[in-house]
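A.B. asks: Sharing my_file-v1.cif below, mmCIF, C-alpha atoms and all ligand atoms:
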```
data_input
#
loop_
_atom_site.label_atom_id
_atom_site.label_comp_id
_atom_site.auth_asym_id
_atom_site.auth_seq_id
_atom_site.Cartn_x
_atom_site.Cartn_y
_atom_site.Cartn_z
CA MET A 1 66.92 52.05 4.30
CA LYS A 2 68.51 49.38 2.11
CA ALA A 3 66.06 47.16 0.27
CA SER A 4 66.11 43.42 0.93
CA ALA A 5 63.29 42.67 -1.49
CA ALA A 6 62.59 43.62 -5.09
CA ILE A 7 59.48 43.34 -7.20
CA PHE A 8 59.64 41.64 -10.58
CA PRO A 9 56.40 42.63 -12.33
CA GLY A 10 55.03 41.44 -15.65
CA THR A 11 52.28 39.76 -17.58
CA PHE A 12 54.08 36.39 -17.78
CA ASP A 13 51.75 34.89 -20.40
CA PRO A 14 53.76 32.69 -20.16
CA LEU A 15 56.97 32.88 -18.12
CA THR A 16 59.97 32.56 -20.46
CA ASN A 17 63.61 31.58 -19.89
CA GLY A 18 64.35 35.31 -20.05
CA HIS A 19 62.11 36.06 -17.05
CA ALA A 20 63.32 33.00 -15.12
CA ASP A 21 66.97 34.00 -15.61
CA LEU A 22 66.33 37.55 -14.40
CA ILE A 23 64.54 36.30 -11.29
CA LYS A 24 67.45 33.97 -10.45
CA ARG A 25 69.99 36.73 -11.02
CA SER A 26 67.92 39.10 -8.85
CA LEU A 27 68.13 36.58 -6.00
CA ARG A 28 71.90 37.05 -6.03
CA ILE A 29 71.37 40.73 -5.18
CA PHE A 30 68.20 40.71 -3.07
CA ASP A 31 67.12 38.37 -0.25
CA ARG A 32 63.64 38.08 -1.74
CA VAL A 33 61.97 38.61 -5.08
CA ILE A 34 58.25 39.39 -5.15
CA VAL A 35 56.80 38.48 -8.53
CA GLY A 36 53.77 40.58 -9.47
CA VAL A 37 51.60 38.95 -12.13
CA LEU A 38 49.41 41.54 -13.82
CA MET A 39 45.73 40.62 -14.07
CA ASN A 40 45.16 41.97 -17.54
CA ALA A 41 41.71 43.11 -18.41
CA SER A 42 42.08 41.85 -21.98
CA LYS A 43 40.48 38.47 -22.49
CA SER A 44 43.16 37.50 -25.00
CA ALA A 45 45.54 36.05 -22.39
CA LEU A 46 46.42 32.42 -23.07
CA PHE A 47 46.78 31.50 -19.39
CA SER A 48 44.42 32.85 -16.74
CA VAL A 49 46.04 34.88 -13.99
CA GLU A 50 45.49 31.95 -11.58
CA GLU A 51 47.28 29.61 -13.99
CA ARG A 52 50.17 32.05 -14.44
CA VAL A 53 50.59 32.47 -10.68
CA ALA A 54 50.45 28.67 -10.18
CA LEU A 55 53.03 28.09 -12.92
CA MET A 56 55.42 30.61 -11.41
CA ARG A 57 54.99 29.19 -7.90
CA ASP A 58 55.72 25.74 -9.27
CA GLU A 59 58.77 27.00 -11.16
CA PHE A 60 60.34 28.63 -8.09
CA LYS A 61 59.15 26.22 -5.38
CA GLU A 62 62.74 25.27 -4.51
CA GLU A 63 63.49 28.87 -3.56
CA GLY A 64 60.90 28.68 -0.76
CA SER A 65 60.01 32.04 0.73
CA ARG A 66 62.74 33.79 -1.30
CA VAL A 67 60.33 33.98 -4.25
CA GLU A 68 56.78 35.13 -3.56
CA VAL A 69 54.27 35.21 -6.37
CA HIS A 70 51.18 37.43 -6.22
CA SER A 71 48.73 38.70 -8.78
CA PHE A 72 47.94 42.40 -8.90
CA SER A 73 45.59 44.72 -10.71
CA GLY A 74 45.72 48.49 -10.99
CA LEU A 75 48.89 50.48 -10.59
CA LEU A 76 52.27 48.88 -10.03
CA VAL A 77 53.13 51.61 -7.51
CA GLU A 78 50.13 50.57 -5.39
CA PHE A 79 51.24 46.94 -5.53
CA ALA A 80 54.73 48.07 -4.44
CA LYS A 81 53.25 49.95 -1.48
CA ASP A 82 51.02 46.98 -0.57
CA VAL A 83 53.99 44.57 -0.41
CA GLY A 84 56.32 47.17 1.13
CA ALA A 85 58.88 47.17 -1.69
CA THR A 86 60.79 50.14 -3.10
CA VAL A 87 62.72 48.42 -5.89
CA VAL A 88 61.36 47.19 -9.22
CA ILE A 89 63.48 45.06 -11.53
CA ARG A 90 62.92 45.09 -15.27
CA GLY A 91 64.86 43.38 -18.02
CA LEU A 92 66.16 45.06 -21.15
CA ARG A 93 66.66 42.86 -24.19
CA ALA A 94 67.51 45.38 -26.87
CA ILE A 95 67.62 49.13 -27.35
CA SER A 96 64.04 48.88 -28.66
CA ASP A 97 62.88 48.08 -25.11
CA TYR A 98 64.45 51.25 -23.75
CA ASP A 99 61.86 53.92 -24.67
CA TYR A 100 58.90 52.13 -23.12
CA GLU A 101 60.86 51.02 -20.07
CA ALA A 102 62.34 54.45 -19.40
CA GLN A 103 58.90 56.04 -19.74
CA MET A 104 57.41 53.53 -17.27
CA ALA A 105 60.29 53.94 -14.80
CA LEU A 106 60.00 57.73 -14.89
CA MET A 107 56.21 57.66 -14.58
CA ASN A 108 56.39 55.23 -11.66
CA LYS A 109 58.96 57.53 -10.00
CA HIS A 110 56.62 60.46 -10.60
CA LEU A 111 53.79 58.51 -8.92
CA TYR A 112 55.92 57.17 -6.06
CA GLU A 113 59.15 59.01 -5.32
CA ASP A 114 60.59 56.21 -3.17
CA LEU A 115 60.39 53.64 -5.96
CA GLU A 116 63.58 52.82 -7.89
CA THR A 117 63.60 50.80 -11.11
CA LEU A 118 66.71 48.71 -11.73
CA PHE A 119 67.40 47.35 -15.20
CA MET A 120 69.17 44.13 -15.99
CA ILE A 121 70.40 43.24 -19.44
CA ALA A 122 68.98 39.95 -20.67
CA ARG A 123 71.45 37.23 -21.54
CA GLU A 124 72.29 37.13 -25.23
CA GLU A 125 70.47 33.82 -25.73
CA ASN A 126 67.30 35.37 -24.28
CA SER A 127 67.56 38.68 -26.12
CA TYR A 128 65.10 37.59 -28.82
CA VAL A 129 62.72 35.72 -26.52
CA SER A 130 59.29 37.13 -25.71
CA SER A 131 56.06 35.69 -24.34
CA THR A 132 54.26 36.83 -27.49
CA LEU A 133 56.58 34.84 -29.75
CA VAL A 134 56.45 31.84 -27.41
CA ARG A 135 52.63 31.82 -27.68
CA GLN A 136 52.72 32.26 -31.43
CA ILE A 137 55.28 29.50 -32.04
CA ALA A 138 53.66 27.06 -29.60
CA SER A 139 50.21 27.66 -31.11
CA LEU A 140 51.59 26.79 -34.55
CA GLY A 141 53.24 23.59 -33.31
CA GLY A 142 56.81 24.95 -33.24
CA ASP A 143 59.47 23.92 -30.76
CA VAL A 144 59.75 26.23 -27.74
CA SER A 145 61.56 23.75 -25.49
CA LYS A 146 64.79 25.80 -25.49
CA ILE A 147 63.16 29.13 -24.66
CA VAL A 148 60.80 28.16 -21.85
CA THR A 149 61.32 26.01 -18.76
CA PRO A 150 60.10 22.36 -18.69
CA VAL A 151 57.21 23.41 -16.37
CA VAL A 152 55.99 25.99 -18.88
CA HIS A 153 56.64 23.70 -21.86
CA LEU A 154 54.35 21.06 -20.38
CA ALA A 155 51.68 23.66 -19.55
CA LEU A 156 51.77 24.96 -23.14
CA LYS A 157 51.39 21.45 -24.55
CA GLU A 158 48.42 20.78 -22.25
CA LYS A 159 46.84 24.15 -23.04
CA TYR A 160 46.95 23.70 -26.80
CA ALA A 161 45.90 20.04 -26.58
CA ALA A 162 42.86 21.13 -24.49
CA GLN A 163 42.03 23.88 -27.00
CA LYS A 164 42.01 21.37 -29.88
CA LYS A 165 39.37 19.22 -28.14
O1 LIG B 201 55.48 41.84 -18.98
P1 LIG B 201 55.06 43.23 -19.34
O2 LIG B 201 53.76 43.17 -20.10
O3 LIG B 201 56.12 43.99 -20.06
O4 LIG B 201 54.77 44.00 -17.95
C1 LIG B 201 54.26 45.31 -17.96
C2 LIG B 201 53.86 45.75 -16.54
C3 LIG B 201 52.95 44.73 -15.89
C4 LIG B 201 55.10 45.91 -15.68
C5 LIG B 201 53.15 47.14 -16.69
O5 LIG B 201 52.16 47.06 -17.66
C6 LIG B 201 52.50 47.61 -15.39
O6 LIG B 201 53.17 47.94 -14.45
N1 LIG B 201 51.16 47.62 -15.37
C7 LIG B 201 50.39 48.03 -14.22
C8 LIG B 201 49.65 49.35 -14.49
C9 LIG B 201 50.54 50.54 -14.23
O7 LIG B 201 51.08 50.72 -13.15
N2 LIG B 201 50.70 51.34 -15.26
C10 LIG B 201 51.51 52.53 -15.21
C11 LIG B 201 52.97 52.19 -15.42
S1 LIG B 201 53.82 53.65 -15.77
#
```
Kindly transcribe the structure held in the file into C-alpha cells.
C.D. replies:
Amino acid sequence: MKASAAIFPGTFDPLTNGHADLIKRSLRIFDRVIVGVLMNASKSALFSVEERVALMRDEFKEEGSRVEVHSFSGLLVEFAKDVGATVVIRGLRAISDYDYEAQMALMNKHLYEDLETLFMIAREENSYVSSTLVRQIASLGGDVSKIVTPVVHLALKEKYAAQKK
C-alpha cells in the first residue's frame, strides 16, 4: 500500500528553519506529515515537551490537518505503529550525520520491517543549523533570527527573559 502520511520525528528543542523546511518539502510528497516530538527523559531540555508541541502546532497552523503534532515517548517504531505510518523522514545536513542516521534507520527496520526511512538533504543555508547551536547562541544573546522562524524567535526571547528574572 502506498503511504499518504509520513512521520517527521525529532527532539525539536527548538524547531529550526532546517526542520521547518523539511516538513514543508515533505508536504509536497505526502498528503500528511505527522510530527513526533520526543519526550526526552533528560531534564536539560530548554522547552518542555508541551511547549515544543505548542510551538510546532502554532508554526504549522495554516496547514490544518496536513500537519499533526504529537509527543511520544519510548520507541519510534511504536509511535509509527500507533499513528499507522510506515514512512519516517529524516534530514541529512552533512556526511557527519550519515553514520548515526544509517544506524537508526537500519535498527528501526530491524525492529519493524514495514518501516522505511527516507532521507532529505538539507538546504545549503540550513546545513550548519542545529537546535543545539540555536540554544547556545540565543542563551548568549546572539542573533538567531535568520535560522529560526519568527514564532520560535519570539519564544526564545521570552524563555531567556523569563530565566533572567
Ligand atoms: O532531533 P533528534 O534528536 O535527532 O531526533 C532523534 C529521534 C527522536 C528521532 C531518536 O532519538 C528516536 O527515534 N528516539 C526514540 C527512541 C528510539 O526509537 N530509539 C531507537 C532508534 S534506533
A.B. asks: Could you list the protein, DNA and RNA residues that have any atom within 6 Å of ligand LIG 201 (chain B), counting only C-alpha atoms and all ligand atoms, and write them as a list in words?
C.D. replies: Pro9, Gly10, Thr11, Phe12, Leu38, Gly74, Leu75, Leu76, Met104, Met107 and Asn108 of chain A
A.B. asks: Tell me, as number ranges by chain, which residues lie within 9 Å of His153 of chain A, counting all atoms listed in the file; anything in the same chain fewer than 5 positions away does not count.
C.D. replies: A: 138, 144-145, 147-148, 158
A.B. asks: Which residues are near segment 43-55 of chain A? Cut-off 8 Å, all atoms listed in the file, ignore same chain within fewer than 3 positions. Put them as a compact mmCIF listing (two decimals) with C-alpha atoms, in the frame of the given file.
C.D. replies:
```txt
# COMPACT_ATOMS: atom_id res chain seq x y z
CA PHE A 12 54.08 36.39 -17.78
CA ASP A 13 51.75 34.89 -20.40
CA PRO A 14 53.76 32.69 -20.16
CA LEU A 15 56.97 32.88 -18.12
CA VAL A 37 51.60 38.95 -12.13
CA LEU A 38 49.41 41.54 -13.82
CA MET A 39 45.73 40.62 -14.07
CA ASN A 40 45.16 41.97 -17.54
CA ASP A 58 55.72 25.74 -9.27
CA GLU A 59 58.77 27.00 -11.16
CA VAL A 69 54.27 35.21 -6.37
CA HIS A 70 51.18 37.43 -6.22
CA SER A 71 48.73 38.70 -8.78
CA ARG A 135 52.63 31.82 -27.68
CA VAL A 151 57.21 23.41 -16.37
CA VAL A 152 55.99 25.99 -18.88
```
A.B. asks: With all atoms listed in the file as the atoms that count, which of A:Ile23, A:Val134, A:Val88, A:Ile29 lies nearest to Ser4 of chain A?
C.D. replies: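 Using all atoms listed in the file, the shortest distance to Ser4 of chain A belongs to A:Ile29.
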A.B. asks: Can you find the residues with an atom no farther than 9 Å from (64.4, 45.3, -3.5), counting all atoms listed in the file, and report them as a ChimeraX atom specification?
C.D. replies: /A:2-7,26,29-34,85-89,116
A.B. asks: Which of these residues is nearest to Ala105 of chain A, using all atoms listed in the file: A:Glu62, A:Ser131, A:Asn126, A:Val77?
C.D. replies: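 Among A:Glu62, A:Ser131, A:Asn126, A:Val77, it is A:Val77 that comes nearest to Ala105 of chain A.
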A.B. asks: Which value, in Å to one decimal, gives the distance between atom CA of Phe119 of chain A and atom CA of Ala94 of chain A?
C.D. replies: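 Going from atom CA of Phe119 of chain A over to atom CA of Ala94 of chain A, I get 11.8 Å.
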A.B. asks: Excluding Glu125 of chain A and residues on its chain fewer than 3 positions from it, collect all residues at most 9 Å away from it, counting all atoms listed in the file, and give them as a PyMOL selection string.
C.D. replies: chain A and resi 18+122+128-129+147
A.B. asks: Name the closest residue to Ile121 of chain A among the candidates A:Ala162, A:Ala41, A:Leu22, A:Leu92; distances are taken between atoms, counting all atoms listed in the file.
C.D. replies: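 For Ile121 of chain A, the nearest of the candidates is A:Leu92.
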A.B. asks: Rounded to one decimal place, report the atom CA of Ser96 of chain A-atom CA of Arg123 of chain A distance in Å.
C.D. replies: 15.5 Å
A.B. asks: My structure is short of atoms at segment 7-18 of chain A; please model all heavy atoms there, returning them as a PDB file, in the coordinates of the input.
C.D. replies:
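Ended up saving to selection.pdb:
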```pdb
ATOM      1  N   ILE A   7      60.642  43.840  -6.450  1.00  0.00           N
ATOM      2  CA  ILE A   7      59.480  43.340  -7.200  1.00  0.00           C
ATOM      3  C   ILE A   7      59.927  43.029  -8.627  1.00  0.00           C
ATOM      4  O   ILE A   7      60.697  43.789  -9.223  1.00  0.00           O
ATOM      5  CB  ILE A   7      58.383  44.422  -7.293  1.00  0.00           C
ATOM      6  CG1 ILE A   7      57.896  44.798  -5.918  1.00  0.00           C
ATOM      7  CG2 ILE A   7      57.213  43.952  -8.142  1.00  0.00           C
ATOM      8  CD1 ILE A   7      56.844  45.886  -5.969  1.00  0.00           C
ATOM      9  N   PHE A   8      59.417  41.943  -9.152  1.00  0.00           N
ATOM     10  CA  PHE A   8      59.640  41.640 -10.580  1.00  0.00           C
ATOM     11  C   PHE A   8      58.240  41.540 -11.205  1.00  0.00           C
ATOM     12  O   PHE A   8      57.570  40.515 -11.087  1.00  0.00           O
ATOM     13  CB  PHE A   8      60.427  40.336 -10.717  1.00  0.00           C
ATOM     14  CG  PHE A   8      60.893  40.085 -12.122  1.00  0.00           C
ATOM     15  CD1 PHE A   8      61.921  40.829 -12.681  1.00  0.00           C
ATOM     16  CD2 PHE A   8      60.294  39.111 -12.918  1.00  0.00           C
ATOM     17  CE1 PHE A   8      62.349  40.619 -13.980  1.00  0.00           C
ATOM     18  CE2 PHE A   8      60.714  38.887 -14.222  1.00  0.00           C
ATOM     19  CZ  PHE A   8      61.739  39.635 -14.745  1.00  0.00           C
ATOM     20  N   PRO A   9      57.768  42.628 -11.816  1.00  0.00           N
ATOM     21  CA  PRO A   9      56.400  42.630 -12.330  1.00  0.00           C
ATOM     22  C   PRO A   9      56.336  42.242 -13.815  1.00  0.00           C
ATOM     23  O   PRO A   9      57.300  42.410 -14.556  1.00  0.00           O
ATOM     24  CB  PRO A   9      55.989  44.101 -12.174  1.00  0.00           C
ATOM     25  CG  PRO A   9      57.258  44.850 -12.430  1.00  0.00           C
ATOM     26  CD  PRO A   9      58.395  43.963 -11.996  1.00  0.00           C
ATOM     27  N   GLY A  10      55.195  41.748 -14.223  1.00  0.00           N
ATOM     28  CA  GLY A  10      55.030  41.440 -15.650  1.00  0.00           C
ATOM     29  C   GLY A  10      53.711  40.758 -15.907  1.00  0.00           C
ATOM     30  O   GLY A  10      52.919  40.516 -14.982  1.00  0.00           O
ATOM     31  N   THR A  11      53.511  40.446 -17.177  1.00  0.00           N
ATOM     32  CA  THR A  11      52.280  39.760 -17.580  1.00  0.00           C
ATOM     33  C   THR A  11      52.490  38.235 -17.509  1.00  0.00           C
ATOM     34  O   THR A  11      51.582  37.488 -17.165  1.00  0.00           O
ATOM     35  CB  THR A  11      51.898  40.207 -19.005  1.00  0.00           C
ATOM     36  OG1 THR A  11      51.863  41.639 -19.028  1.00  0.00           O
ATOM     37  CG2 THR A  11      50.538  39.682 -19.401  1.00  0.00           C
ATOM     38  N   PHE A  12      53.679  37.798 -17.877  1.00  0.00           N
ATOM     39  CA  PHE A  12      54.080  36.390 -17.780  1.00  0.00           C
ATOM     40  C   PHE A  12      53.066  35.443 -18.442  1.00  0.00           C
ATOM     41  O   PHE A  12      52.604  34.480 -17.826  1.00  0.00           O
ATOM     42  CB  PHE A  12      54.306  35.976 -16.310  1.00  0.00           C
ATOM     43  CG  PHE A  12      55.260  36.868 -15.568  1.00  0.00           C
ATOM     44  CD1 PHE A  12      54.836  37.674 -14.512  1.00  0.00           C
ATOM     45  CD2 PHE A  12      56.589  36.930 -15.948  1.00  0.00           C
ATOM     46  CE1 PHE A  12      55.715  38.508 -13.834  1.00  0.00           C
ATOM     47  CE2 PHE A  12      57.486  37.763 -15.278  1.00  0.00           C
ATOM     48  CZ  PHE A  12      57.042  38.549 -14.224  1.00  0.00           C
ATOM     49  N   ASP A  13      52.743  35.721 -19.680  1.00  0.00           N
ATOM     50  CA  ASP A  13      51.750  34.890 -20.400  1.00  0.00           C
ATOM     51  C   ASP A  13      52.417  34.233 -21.618  1.00  0.00           C
ATOM     52  O   ASP A  13      52.079  34.597 -22.743  1.00  0.00           O
ATOM     53  CB  ASP A  13      50.556  35.749 -20.811  1.00  0.00           C
ATOM     54  CG  ASP A  13      49.424  34.894 -21.380  1.00  0.00           C
ATOM     55  OD1 ASP A  13      49.249  33.757 -20.909  1.00  0.00           O
ATOM     56  OD2 ASP A  13      48.729  35.362 -22.297  1.00  0.00           O
ATOM     57  N   PRO A  14      53.328  33.281 -21.417  1.00  0.00           N
ATOM     58  CA  PRO A  14      53.760  32.690 -20.160  1.00  0.00           C
ATOM     59  C   PRO A  14      55.153  33.184 -19.753  1.00  0.00           C
ATOM     60  O   PRO A  14      55.795  33.940 -20.490  1.00  0.00           O
ATOM     61  CB  PRO A  14      53.837  31.196 -20.529  1.00  0.00           C
ATOM     62  CG  PRO A  14      54.379  31.222 -21.940  1.00  0.00           C
ATOM     63  CD  PRO A  14      53.782  32.449 -22.578  1.00  0.00           C
ATOM     64  N   LEU A  15      55.581  32.701 -18.581  1.00  0.00           N
ATOM     65  CA  LEU A  15      56.970  32.880 -18.120  1.00  0.00           C
ATOM     66  C   LEU A  15      57.908  32.320 -19.186  1.00  0.00           C
ATOM     67  O   LEU A  15      57.652  31.241 -19.731  1.00  0.00           O
ATOM     68  CB  LEU A  15      57.127  32.055 -16.831  1.00  0.00           C
ATOM     69  CG  LEU A  15      58.536  31.878 -16.264  1.00  0.00           C
ATOM     70  CD1 LEU A  15      58.951  33.139 -15.512  1.00  0.00           C
ATOM     71  CD2 LEU A  15      58.576  30.679 -15.311  1.00  0.00           C
ATOM     72  N   THR A  16      58.972  33.046 -19.492  1.00  0.00           N
ATOM     73  CA  THR A  16      59.970  32.560 -20.460  1.00  0.00           C
ATOM     74  C   THR A  16      61.309  32.331 -19.741  1.00  0.00           C
ATOM     75  O   THR A  16      61.475  32.751 -18.584  1.00  0.00           O
ATOM     76  CB  THR A  16      60.225  33.581 -21.584  1.00  0.00           C
ATOM     77  OG1 THR A  16      60.886  34.725 -20.999  1.00  0.00           O
ATOM     78  CG2 THR A  16      58.950  34.009 -22.275  1.00  0.00           C
ATOM     79  N   ASN A  17      62.261  31.749 -20.458  1.00  0.00           N
ATOM     80  CA  ASN A  17      63.610  31.580 -19.890  1.00  0.00           C
ATOM     81  C   ASN A  17      64.219  32.942 -19.550  1.00  0.00           C
ATOM     82  O   ASN A  17      65.031  33.052 -18.634  1.00  0.00           O
ATOM     83  CB  ASN A  17      64.525  30.870 -20.885  1.00  0.00           C
ATOM     84  CG  ASN A  17      64.302  29.375 -20.884  1.00  0.00           C
ATOM     85  OD1 ASN A  17      63.537  28.861 -20.070  1.00  0.00           O
ATOM     86  ND2 ASN A  17      64.963  28.677 -21.789  1.00  0.00           N
ATOM     87  N   GLY A  18      63.835  33.963 -20.305  1.00  0.00           N
ATOM     88  CA  GLY A  18      64.350  35.310 -20.050  1.00  0.00           C
ATOM     89  C   GLY A  18      63.915  35.795 -18.670  1.00  0.00           C
ATOM     90  O   GLY A  18      64.734  36.255 -17.871  1.00  0.00           O
TER      91      GLY A  18
END
```
